[in-house]
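Pasting coords06.cif here (mmCIF, C-alpha atoms):
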```
data_entry
#
loop_
_atom_site.label_atom_id
_atom_site.label_comp_id
_atom_site.auth_asym_id
_atom_site.auth_seq_id
_atom_site.Cartn_x
_atom_site.Cartn_y
_atom_site.Cartn_z
CA MET U 277 24.75 -24.70 -14.25
CA THR U 278 24.55 -24.08 -18.00
CA ARG U 279 26.44 -21.11 -19.39
CA ARG U 280 24.44 -18.61 -21.45
CA SER U 281 25.53 -17.84 -24.98
CA PRO U 282 26.68 -14.25 -25.70
CA LEU U 283 23.54 -13.65 -27.77
CA ALA U 284 21.27 -14.81 -24.93
CA ALA U 285 23.20 -12.69 -22.41
CA ALA U 286 22.90 -9.63 -24.67
CA GLY U 287 19.16 -10.24 -25.10
CA LEU U 288 18.72 -10.55 -21.34
CA ALA U 289 20.66 -7.33 -20.75
CA LEU U 290 18.55 -5.52 -23.36
CA ALA U 291 15.34 -6.78 -21.73
CA VAL U 292 16.53 -5.55 -18.31
CA VAL U 293 17.39 -2.11 -19.74
CA LEU U 294 13.98 -1.83 -21.44
CA LEU U 295 12.23 -2.91 -18.24
CA LEU U 296 14.10 -0.30 -16.20
CA LEU U 297 13.30 2.42 -18.74
CA TRP U 298 9.63 1.44 -18.79
CA SER U 299 9.42 1.39 -14.98
CA LEU U 300 11.52 4.40 -14.04
CA PHE U 301 10.96 6.87 -16.88
CA PRO U 302 7.50 8.07 -15.66
CA LEU U 303 8.95 8.89 -12.24
CA TYR U 304 11.98 10.57 -13.81
CA TYR U 305 9.79 12.70 -16.08
CA ALA U 306 7.54 13.63 -13.12
CA VAL U 307 10.64 14.85 -11.25
CA LEU U 308 11.71 16.77 -14.38
CA THR U 309 8.29 18.38 -14.80
CA SER U 310 8.04 19.29 -11.11
CA MET U 311 11.02 21.64 -11.61
CA GLU U 312 9.36 23.54 -14.46
CA SER U 313 6.83 26.34 -14.36
CA GLY U 314 4.66 28.24 -16.82
CA SER U 315 4.91 27.15 -20.46
CA GLY U 316 8.18 25.31 -19.73
CA ILE U 317 6.11 22.36 -18.47
CA PHE U 318 4.87 21.67 -22.00
CA ARG U 319 8.34 21.69 -23.63
CA ILE U 320 9.82 18.21 -23.96
CA ARG U 321 13.20 18.00 -22.21
CA TRP U 322 15.24 14.96 -21.24
CA TRP U 323 17.26 16.56 -18.41
CA PRO U 324 16.77 19.66 -16.21
CA GLU U 325 18.37 22.91 -17.35
CA ALA U 326 18.21 24.25 -13.80
CA ILE U 327 16.98 22.92 -10.46
CA GLU U 328 13.95 25.05 -9.54
CA LEU U 329 12.08 24.13 -6.35
CA GLY U 330 9.38 26.79 -6.61
CA ASN U 331 6.60 24.25 -7.08
CA TYR U 332 7.67 22.39 -3.92
CA ARG U 333 7.80 25.62 -1.92
CA ALA U 334 4.34 26.65 -3.18
CA LEU U 335 3.01 23.19 -2.33
CA PHE U 336 3.99 23.44 1.33
CA ALA U 337 3.46 27.20 1.67
CA THR U 338 0.04 26.99 3.36
CA GLY U 339 0.64 23.87 5.46
CA ALA U 340 -2.52 22.16 4.11
CA PHE U 341 -0.55 19.66 2.01
CA GLY U 342 1.70 18.81 4.93
CA ARG U 343 -1.41 18.14 7.03
CA SER U 344 -2.73 15.85 4.27
CA ILE U 345 0.51 13.85 4.32
CA LEU U 346 0.23 13.49 8.09
CA ASN U 347 -3.39 12.33 7.72
CA SER U 348 -2.34 9.71 5.15
CA VAL U 349 0.44 8.45 7.42
CA LEU U 350 -1.91 8.17 10.41
CA VAL U 351 -4.62 6.35 8.42
CA ALA U 352 -2.11 3.99 6.79
CA VAL U 353 -0.50 3.13 10.16
CA LEU U 354 -3.94 2.48 11.69
CA VAL U 355 -4.91 0.24 8.78
CA VAL U 356 -1.64 -1.73 8.83
CA THR U 357 -1.77 -2.23 12.61
CA ALA U 358 -5.42 -3.33 12.64
CA SER U 359 -4.98 -5.58 9.59
CA ALA U 360 -1.93 -7.30 11.07
CA ALA U 361 -3.50 -7.83 14.52
CA LEU U 362 -6.89 -9.04 13.28
CA GLY U 363 -5.44 -10.93 10.33
CA LEU U 364 -2.92 -12.81 12.48
CA THR U 365 -5.51 -14.04 14.99
CA ALA U 366 -7.97 -14.96 12.23
CA ALA U 367 -5.25 -16.76 10.26
CA HIS U 368 -4.26 -18.77 13.33
CA ALA U 369 -7.85 -19.93 13.78
CA LEU U 370 -8.41 -20.69 10.09
CA GLY U 371 -5.02 -22.31 9.58
CA ARG U 372 -4.74 -24.47 12.71
CA ILE U 373 -8.19 -25.09 14.22
CA ARG U 374 -10.55 -27.53 12.52
CA PHE U 375 -14.22 -26.47 12.67
CA PRO U 376 -17.25 -26.80 10.36
CA GLY U 377 -17.43 -24.18 7.62
CA ARG U 378 -13.73 -23.25 7.71
CA ARG U 379 -13.30 -23.66 3.94
CA LEU U 380 -16.51 -21.71 3.29
CA ILE U 381 -15.22 -18.83 5.45
CA LEU U 382 -11.94 -18.76 3.52
CA LEU U 383 -13.80 -18.65 0.21
CA ALA U 384 -16.00 -15.82 1.56
CA VAL U 385 -12.86 -13.92 2.61
CA LEU U 386 -11.42 -14.34 -0.88
CA ALA U 387 -14.69 -13.23 -2.50
CA VAL U 388 -14.94 -10.09 -0.34
CA SER U 389 -11.42 -9.06 -1.39
CA MET U 390 -12.65 -8.90 -5.01
CA PHE U 391 -15.56 -6.52 -4.42
CA PRO U 392 -15.22 -3.27 -6.41
CA GLN U 393 -15.16 -0.14 -4.28
CA VAL U 394 -18.21 1.43 -5.89
CA ALA U 395 -20.34 -1.65 -5.03
CA VAL U 396 -19.93 -1.05 -1.29
CA LEU U 397 -19.67 2.75 -1.31
CA SER U 398 -23.28 3.52 -0.32
CA GLY U 399 -23.35 0.81 2.35
CA MET U 400 -20.07 2.00 3.88
CA PHE U 401 -21.31 5.60 3.81
CA THR U 402 -24.45 4.62 5.78
CA LEU U 403 -22.38 2.59 8.26
CA ILE U 404 -19.83 5.34 8.84
CA ARG U 405 -22.54 7.99 9.25
CA GLY U 406 -24.37 5.70 11.67
CA LEU U 407 -21.23 5.21 13.76
CA GLY U 408 -20.57 8.95 13.86
CA LEU U 409 -17.24 8.56 12.03
CA TYR U 410 -18.00 10.74 8.99
CA ASN U 411 -15.22 13.24 8.25
CA SER U 412 -12.75 11.52 10.58
CA LEU U 413 -9.59 9.50 10.10
CA TRP U 414 -11.09 6.65 12.12
CA GLY U 415 -13.88 6.33 9.56
CA LEU U 416 -11.37 6.13 6.70
CA ALA U 417 -9.32 3.49 8.53
CA LEU U 418 -12.48 1.44 9.14
CA ALA U 419 -13.46 1.67 5.46
CA TYR U 420 -9.98 0.64 4.23
CA LEU U 421 -10.06 -2.49 6.41
CA LEU U 422 -12.76 -3.79 4.10
CA PHE U 423 -10.05 -4.24 1.42
CA THR U 424 -6.88 -4.85 3.43
CA LEU U 425 -8.17 -7.37 5.98
CA PRO U 426 -9.41 -10.09 3.53
CA PHE U 427 -6.13 -10.47 1.63
CA THR U 428 -4.17 -10.23 4.91
CA VAL U 429 -6.20 -13.12 6.36
CA TRP U 430 -5.85 -15.11 3.13
CA VAL U 431 -2.07 -14.67 2.83
CA LEU U 432 -1.35 -15.28 6.53
CA THR U 433 -3.59 -18.37 6.57
CA THR U 434 -1.71 -19.80 3.59
CA PHE U 435 1.62 -19.02 5.28
CA ILE U 436 0.66 -20.45 8.68
CA ARG U 437 -0.43 -23.73 7.08
CA GLU U 438 3.12 -24.22 5.79
CA LEU U 439 4.65 -24.00 9.28
CA PRO U 440 5.52 -27.39 10.86
CA VAL U 441 2.87 -28.64 13.28
CA GLU U 442 5.65 -30.12 15.45
CA ILE U 443 6.67 -26.62 16.60
CA GLU U 444 3.17 -25.95 17.92
CA GLU U 445 2.92 -29.40 19.51
CA ALA U 446 6.24 -28.90 21.33
CA ALA U 447 5.04 -25.55 22.68
CA ILE U 448 1.78 -27.16 23.90
CA MET U 449 3.78 -29.89 25.65
CA ASP U 450 5.72 -27.12 27.44
CA GLY U 451 2.45 -25.65 28.67
CA ALA U 452 2.06 -22.73 26.25
CA GLY U 453 -1.47 -21.45 25.61
CA PRO U 454 -2.92 -20.33 22.24
CA PHE U 455 -2.00 -16.65 22.78
CA THR U 456 1.58 -17.52 23.82
CA ILE U 457 1.95 -19.81 20.79
CA LEU U 458 0.67 -17.07 18.50
CA ILE U 459 2.89 -14.29 19.87
CA ARG U 460 6.09 -16.14 20.82
CA ILE U 461 6.13 -19.00 18.30
CA PHE U 462 4.29 -17.99 15.14
CA LEU U 463 4.90 -14.24 15.11
CA PRO U 464 8.74 -14.44 14.76
CA LEU U 465 8.37 -17.04 11.98
CA MET U 466 5.78 -15.04 10.06
CA TRP U 467 7.62 -11.72 9.77
CA PRO U 468 8.13 -12.02 5.97
CA ALA U 469 4.40 -12.57 5.37
CA ILE U 470 3.43 -9.85 7.87
CA VAL U 471 5.82 -7.36 6.26
CA THR U 472 4.47 -8.23 2.79
CA THR U 473 0.81 -7.86 3.72
CA GLY U 474 1.54 -4.79 5.84
CA LEU U 475 3.36 -3.07 2.98
CA ILE U 476 0.56 -3.84 0.51
CA ALA U 477 -2.02 -2.59 3.03
CA PHE U 478 0.03 0.60 3.51
CA ILE U 479 0.17 1.20 -0.25
CA ILE U 480 -3.60 0.64 -0.60
CA ALA U 481 -4.39 3.05 2.24
CA TRP U 482 -1.85 5.60 0.94
CA ASN U 483 -3.20 5.65 -2.63
CA GLU U 484 -6.95 5.24 -2.02
CA PHE U 485 -9.04 8.06 -3.47
CA LEU U 486 -12.77 7.24 -3.75
CA PHE U 487 -13.47 6.57 -0.06
CA ALA U 488 -11.23 9.46 1.01
CA LEU U 489 -13.18 11.85 -1.23
CA THR U 490 -16.59 10.54 -0.12
CA PHE U 491 -16.04 10.13 3.63
CA THR U 492 -14.18 13.40 4.33
CA LEU U 493 -15.50 16.92 4.02
CA THR U 494 -12.97 19.41 5.35
CA ASP U 495 -9.39 20.16 4.29
CA ASP U 496 -7.97 19.21 7.69
CA MET U 497 -9.21 15.62 7.18
CA ARG U 498 -8.13 15.18 3.54
CA THR U 499 -5.55 12.59 2.58
CA VAL U 500 -2.90 13.19 -0.10
CA PRO U 501 -4.72 11.69 -3.16
CA VAL U 502 -7.71 13.99 -2.56
CA ALA U 503 -5.47 16.94 -1.72
CA ILE U 504 -3.64 16.52 -5.05
CA ALA U 505 -6.93 16.25 -6.98
CA LEU U 506 -8.19 19.47 -5.37
CA LEU U 507 -5.09 21.56 -6.13
CA THR U 508 -6.10 24.71 -7.96
CA GLY U 509 -4.20 27.23 -10.05
CA GLY U 510 -4.34 30.99 -10.22
CA SER U 511 -7.67 30.92 -12.11
CA GLN U 512 -10.48 28.46 -12.76
CA HIS U 513 -9.05 27.74 -16.23
CA GLU U 514 -5.55 26.88 -15.01
CA LEU U 515 -4.36 23.47 -13.83
CA PRO U 516 -1.16 23.75 -11.74
CA TRP U 517 0.70 20.89 -13.42
CA GLY U 518 4.00 21.86 -11.81
CA MET U 519 2.56 21.63 -8.30
CA ILE U 520 0.67 18.43 -9.17
CA MET U 521 3.91 16.82 -10.37
CA ALA U 522 5.75 18.06 -7.26
CA ALA U 523 3.00 16.58 -5.07
CA SER U 524 3.13 13.27 -6.99
CA VAL U 525 6.88 13.00 -6.51
CA THR U 526 6.58 13.90 -2.83
CA VAL U 527 4.01 11.17 -2.10
CA THR U 528 5.78 8.55 -4.23
CA LEU U 529 9.18 8.77 -2.56
CA PRO U 530 8.01 7.33 0.84
CA LEU U 531 6.63 4.24 -0.94
CA VAL U 532 9.88 3.75 -2.86
CA ALA U 533 11.84 4.08 0.38
CA LEU U 534 9.63 1.52 2.15
CA VAL U 535 10.02 -1.02 -0.67
CA LEU U 536 13.80 -0.56 -0.70
CA VAL U 537 14.05 -0.94 3.09
CA PHE U 538 11.90 -4.08 3.24
CA GLN U 539 12.83 -5.58 -0.15
CA ARG U 540 14.36 -8.77 1.29
CA ARG U 541 11.42 -9.57 3.56
CA LEU U 542 9.02 -8.54 0.78
CA VAL U 543 10.51 -11.04 -1.67
CA ALA U 544 10.59 -13.74 1.02
CA GLY U 545 6.92 -13.11 1.82
CA LEU U 546 5.82 -13.11 -1.81
CA THR U 547 7.62 -16.40 -2.54
CA ALA U 548 6.60 -18.11 0.71
CA GLY U 549 4.81 -21.35 -0.08
CA ALA U 550 5.79 -21.24 -3.75
CA VAL U 551 8.06 -24.27 -3.27
CA LYS U 552 6.78 -27.04 -1.07
CA GLY U 553 9.58 -29.22 0.28
#
```

The structure given in the file should be rewritten as structure tokens.
Amino acid sequence: MTRRSPLAAAGLALAVVLLLLWSLFPLYYAVLTSMESGSGIFRIRWWPEAIELGNYRALFATGAFGRSILNSVLVAVLVVTASAALGLTAAHALGRIRFPGRRLILLAVLAVSMFPQVAVLSGMFTLIRGLGLYNSLWGLALAYLLFTLPFTVWVLTTFIRELPVEIEEAAIMDGAGPFTILIRIFLPLMWPAIVTTGLIAFIIAWNEFLFALTFTLTDDMRTVPVAIALLTGGSQHELPWGMIMAASVTVTLPLVALVLVFQRRLVAGLTAGAVKG
């Protein structure tokens, strides 16, 4: 291992500090602003003069925002569960079974994942209305699968191709069927990829705004991005920036916690297949 010169080490340290400032300062300033009220929000300060939680109390005073958080959690869990279950079975078929058109299907899956939301908005609206799922969390979960399932299938298929075929052949020799091989052989080996795709699917479902605004109508079915956008102040000319910042901090912290909890498996999943031995 070569030893870095002091100048190179200092440059690396400076780059790390700048990266941390660039990444963390927006969240820090959102926390700072969420503790201000009135004209104090527009004064530039670098640290809080006092910890005021009035915006947080006002945010949860009616219970509507808490219901929106619960809706987002339910939709995100539904999307992650469905994406993992469907993606795992599809990846097993596309990664292990040879059949005509397999490469074409994979390319179609990759192409679908690149569709912009607005291009499929009217079609999804017609489908959800036709299925009777308008203004329901089930309808939102179905719509989000359009974006989470393709990349889940693509990533899991790539991962499953890297697993040794000998493991599957040994299980077949012991009499294991396809479902047993999938659940008892592949599933334990694919946890890093499943955690990675599941976390990305959770973040997509948690942050999505356009479908949530279009496919829901009542406050009891809103998710947090729409609930934040519809926050109103004391008059039609007032934007409640303090409450908006408090809401932004509240919905960001669960994502930060998830990334910190699963950081090791997340890195393992993202780097899986990068080095082929």

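Comparing U:Arg372, U:Arg498, U:Arg378, U:His513 by their smallest distance to Glu444 in chain U, the closest is U:Arg372 (using all atoms listed in the file).
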
Run the PyMOL selection byres ((chain U and resi 466) around 10) mentally over the shown coordinates, then write out the matched residues as a PyMOL selection string, using the chain letters and numbers from the document. chain U and resi 364+432+435-436+439+461-465+467-471+545+548

Quick one: everything within 12 Å of Ile373 in chain U, counting all atoms listed in the file, minus sequence neighbours fewer than 6 positions away in the same chain. Send it as a ChimeraX atom specification. /U:365-367,379,433,436-437,441,444,454

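Candidate residues U:Gly415, U:Pro324, U:Gly339, U:Pro440 were compared for distance to Phe401 in chain U, and the nearest is U:Gly415, using all atoms listed in the file.
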
Find the residues of range 483-508 of chain U that sit at most 12 Å from range 524-538 of chain U; for each, write down the nearest two atoms and how far apart they are in Å, to one decimal. Count all atoms listed in the file. Sort by chain, then by number going up, and give it as CSV.
```
residue,atom,partner,partner_atom,distance
U:Asn483,CA,U:Val527,CA,9.1
U:Thr499,CA,U:Val527,CA,10.7
U:Val500,CA,U:Val527,CA,7.5
U:Pro501,CA,U:Val527,CA,8.8
U:Val502,CA,U:Ser524,CA,11.7
U:Ala503,CA,U:Ser524,CA,10.7
U:Ile504,CA,U:Ser524,CA,7.8
U:Ala505,CA,U:Ser524,CA,10.5
U:Leu507,CA,U:Ser524,CA,11.7
```

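Residues matching the PyMOL selection byres ((chain U and resi 332-337) around 10) in this structure come to Ser310, Met311, Glu328, Leu329, Gly330, Asn331, Thr338, Gly339, Ala340, Phe341, Gly342, Arg343, Ile504, Leu507, Gly518, Met519, Ile520, Met521, Ala522, Ala523, Val525 and Thr526 of chain U.
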
Convert the current residue selection to file output with C-alpha atoms, as a short mmCIF file (atom, residue, chain, number, x, y, z; two decimals), in the frame of the given file.
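See result-v4.cif below for the written result:
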```cif
data_model
loop_
_atom_site.label_atom_id
_atom_site.label_comp_id
_atom_site.auth_asym_id
_atom_site.auth_seq_id
_atom_site.Cartn_x
_atom_site.Cartn_y
_atom_site.Cartn_z
CA SER U 310 8.04 19.29 -11.11
CA MET U 311 11.02 21.64 -11.61
CA GLU U 328 13.95 25.05 -9.54
CA LEU U 329 12.08 24.13 -6.35
CA GLY U 330 9.38 26.79 -6.61
CA ASN U 331 6.60 24.25 -7.08
CA THR U 338 0.04 26.99 3.36
CA GLY U 339 0.64 23.87 5.46
CA ALA U 340 -2.52 22.16 4.11
CA PHE U 341 -0.55 19.66 2.01
CA GLY U 342 1.70 18.81 4.93
CA ARG U 343 -1.41 18.14 7.03
CA ILE U 504 -3.64 16.52 -5.05
CA LEU U 507 -5.09 21.56 -6.13
CA GLY U 518 4.00 21.86 -11.81
CA MET U 519 2.56 21.63 -8.30
CA ILE U 520 0.67 18.43 -9.17
CA MET U 521 3.91 16.82 -10.37
CA ALA U 522 5.75 18.06 -7.26
CA ALA U 523 3.00 16.58 -5.07
CA VAL U 525 6.88 13.00 -6.51
CA THR U 526 6.58 13.90 -2.83
#
```

How close does range 443-518 of chain U get to range 349-358 of chain U? List, as CSV, each residue of range 443-518 of chain U within 8 Å, its nearest atom pair and the distance in Å to one decimal, counting only C-alpha atoms.
```
residue,atom,partner,partner_atom,distance
U:Gly474,CA,U:Val356,CA,5.3
U:Leu475,CA,U:Val356,CA,7.8
U:Ala477,CA,U:Val356,CA,5.9
U:Phe478,CA,U:Ala352,CA,5.2
U:Ile479,CA,U:Ala352,CA,7.9
U:Ala481,CA,U:Ala352,CA,5.2
U:Trp482,CA,U:Ala352,CA,6.1
```

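Shortest atom-to-atom contact with Glu312 in chain U among U:Asp495, U:Glu438, U:Asp450, U:Glu325: U:Glu325, counting only C-alpha atoms.
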
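Put simply, CA of Ala306 in chain U is 21.8 Å away from CA of Val292 in chain U.
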
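Taking CA of Gly377 in chain U as the reference point, CA of Leu421 in chain U is found at 22.9 Å.
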
So how many Å separate CA of Ser359 in chain U and CA of Thr428 in chain U, to one decimal? 6.6 Å

Which residues, named as in the file, does the PyMOL selection byres ((chain U and resi 382) around 10) pick out? Answer as a ChimeraX atom specification. /U:367,370-371,377-381,383-388,426,429-430,433

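Closest approach to Phe487 in chain U from the set U:Ser315, U:Thr472, U:Ser344, U:Ser412 is made by U:Ser412, with distances taken over all atoms listed in the file.
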
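Across U:Pro302, U:Leu288, U:Val394, U:Leu458, the tightest approach to Ala361 in chain U is made by U:Leu458 when counting only C-alpha atoms.
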
U:Ala417, U:Ser299, U:Leu515, U:Val431: which is nearest Glu484 in chain U, counting all atoms listed in the file? U:Ala417

As a CSV table (one decimal), in the frame of the given file, the rebuilt range 309-325 of chain U with N, CA, C and O atoms:
```csv
chain,number,residue,atom,x,y,z
U,309,THR,N,9.4,17.4,-14.6
U,309,THR,CA,8.3,18.4,-14.8
U,309,THR,C,8.1,19.2,-13.5
U,309,THR,O,7.7,20.4,-13.6
U,310,SER,N,8.3,18.6,-12.4
U,310,SER,CA,8.0,19.3,-11.1
U,310,SER,C,9.0,20.5,-10.9
U,310,SER,O,8.7,21.3,-10.1
U,311,MET,N,10.1,20.5,-11.7
U,311,MET,CA,11.0,21.6,-11.6
U,311,MET,C,10.8,22.7,-12.7
U,311,MET,O,11.6,23.6,-12.8
U,312,GLU,N,9.7,22.6,-13.4
U,312,GLU,CA,9.4,23.5,-14.5
U,312,GLU,C,8.2,24.4,-14.0
U,312,GLU,O,7.4,24.0,-13.1
U,313,SER,N,8.0,25.5,-14.6
U,313,SER,CA,6.8,26.3,-14.4
U,313,SER,C,6.4,27.0,-15.7
U,313,SER,O,7.2,27.1,-16.6
U,314,GLY,N,5.2,27.5,-15.7
U,314,GLY,CA,4.7,28.2,-16.8
U,314,GLY,C,4.6,27.3,-18.0
U,314,GLY,O,4.3,26.2,-18.0
U,315,SER,N,5.0,27.9,-19.2
U,315,SER,CA,4.9,27.2,-20.5
U,315,SER,C,6.1,26.1,-20.6
U,315,SER,O,6.0,25.3,-21.4
U,316,GLY,N,7.1,26.2,-19.7
U,316,GLY,CA,8.2,25.3,-19.7
U,316,GLY,C,7.7,23.9,-19.4
U,316,GLY,O,8.4,22.9,-19.8
U,317,ILE,N,6.6,23.7,-18.8
U,317,ILE,CA,6.1,22.4,-18.5
U,317,ILE,C,5.8,21.6,-19.7
U,317,ILE,O,5.9,20.4,-19.8
U,318,PHE,N,5.3,22.3,-20.8
U,318,PHE,CA,4.9,21.7,-22.0
U,318,PHE,C,6.0,21.5,-23.0
U,318,PHE,O,5.7,21.0,-24.1
U,319,ARG,N,7.2,21.9,-22.7
U,319,ARG,CA,8.3,21.7,-23.6
U,319,ARG,C,9.0,20.4,-23.2
U,319,ARG,O,9.3,20.1,-22.1
U,320,ILE,N,9.2,19.5,-24.2
U,320,ILE,CA,9.8,18.2,-24.0
U,320,ILE,C,11.3,18.4,-23.7
U,320,ILE,O,12.0,18.9,-24.6
U,321,ARG,N,11.8,18.0,-22.5
U,321,ARG,CA,13.2,18.0,-22.2
U,321,ARG,C,13.6,16.7,-21.6
U,321,ARG,O,12.7,16.0,-20.9
U,322,TRP,N,14.8,16.3,-21.7
U,322,TRP,CA,15.2,15.0,-21.2
U,322,TRP,C,16.1,15.1,-20.0
U,322,TRP,O,16.4,14.1,-19.4
U,323,TRP,N,16.5,16.3,-19.7
U,323,TRP,CA,17.3,16.6,-18.4
U,323,TRP,C,17.0,18.0,-18.0
U,323,TRP,O,16.7,18.9,-18.8
U,324,PRO,N,17.1,18.3,-16.7
U,324,PRO,CA,16.8,19.7,-16.2
U,324,PRO,C,17.8,20.7,-16.6
U,324,PRO,O,19.0,20.4,-16.5
U,325,GLU,N,17.4,21.8,-17.1
U,325,GLU,CA,18.4,22.9,-17.4
U,325,GLU,C,18.8,23.6,-16.1
U,325,GLU,O,19.9,24.2,-16.0
```
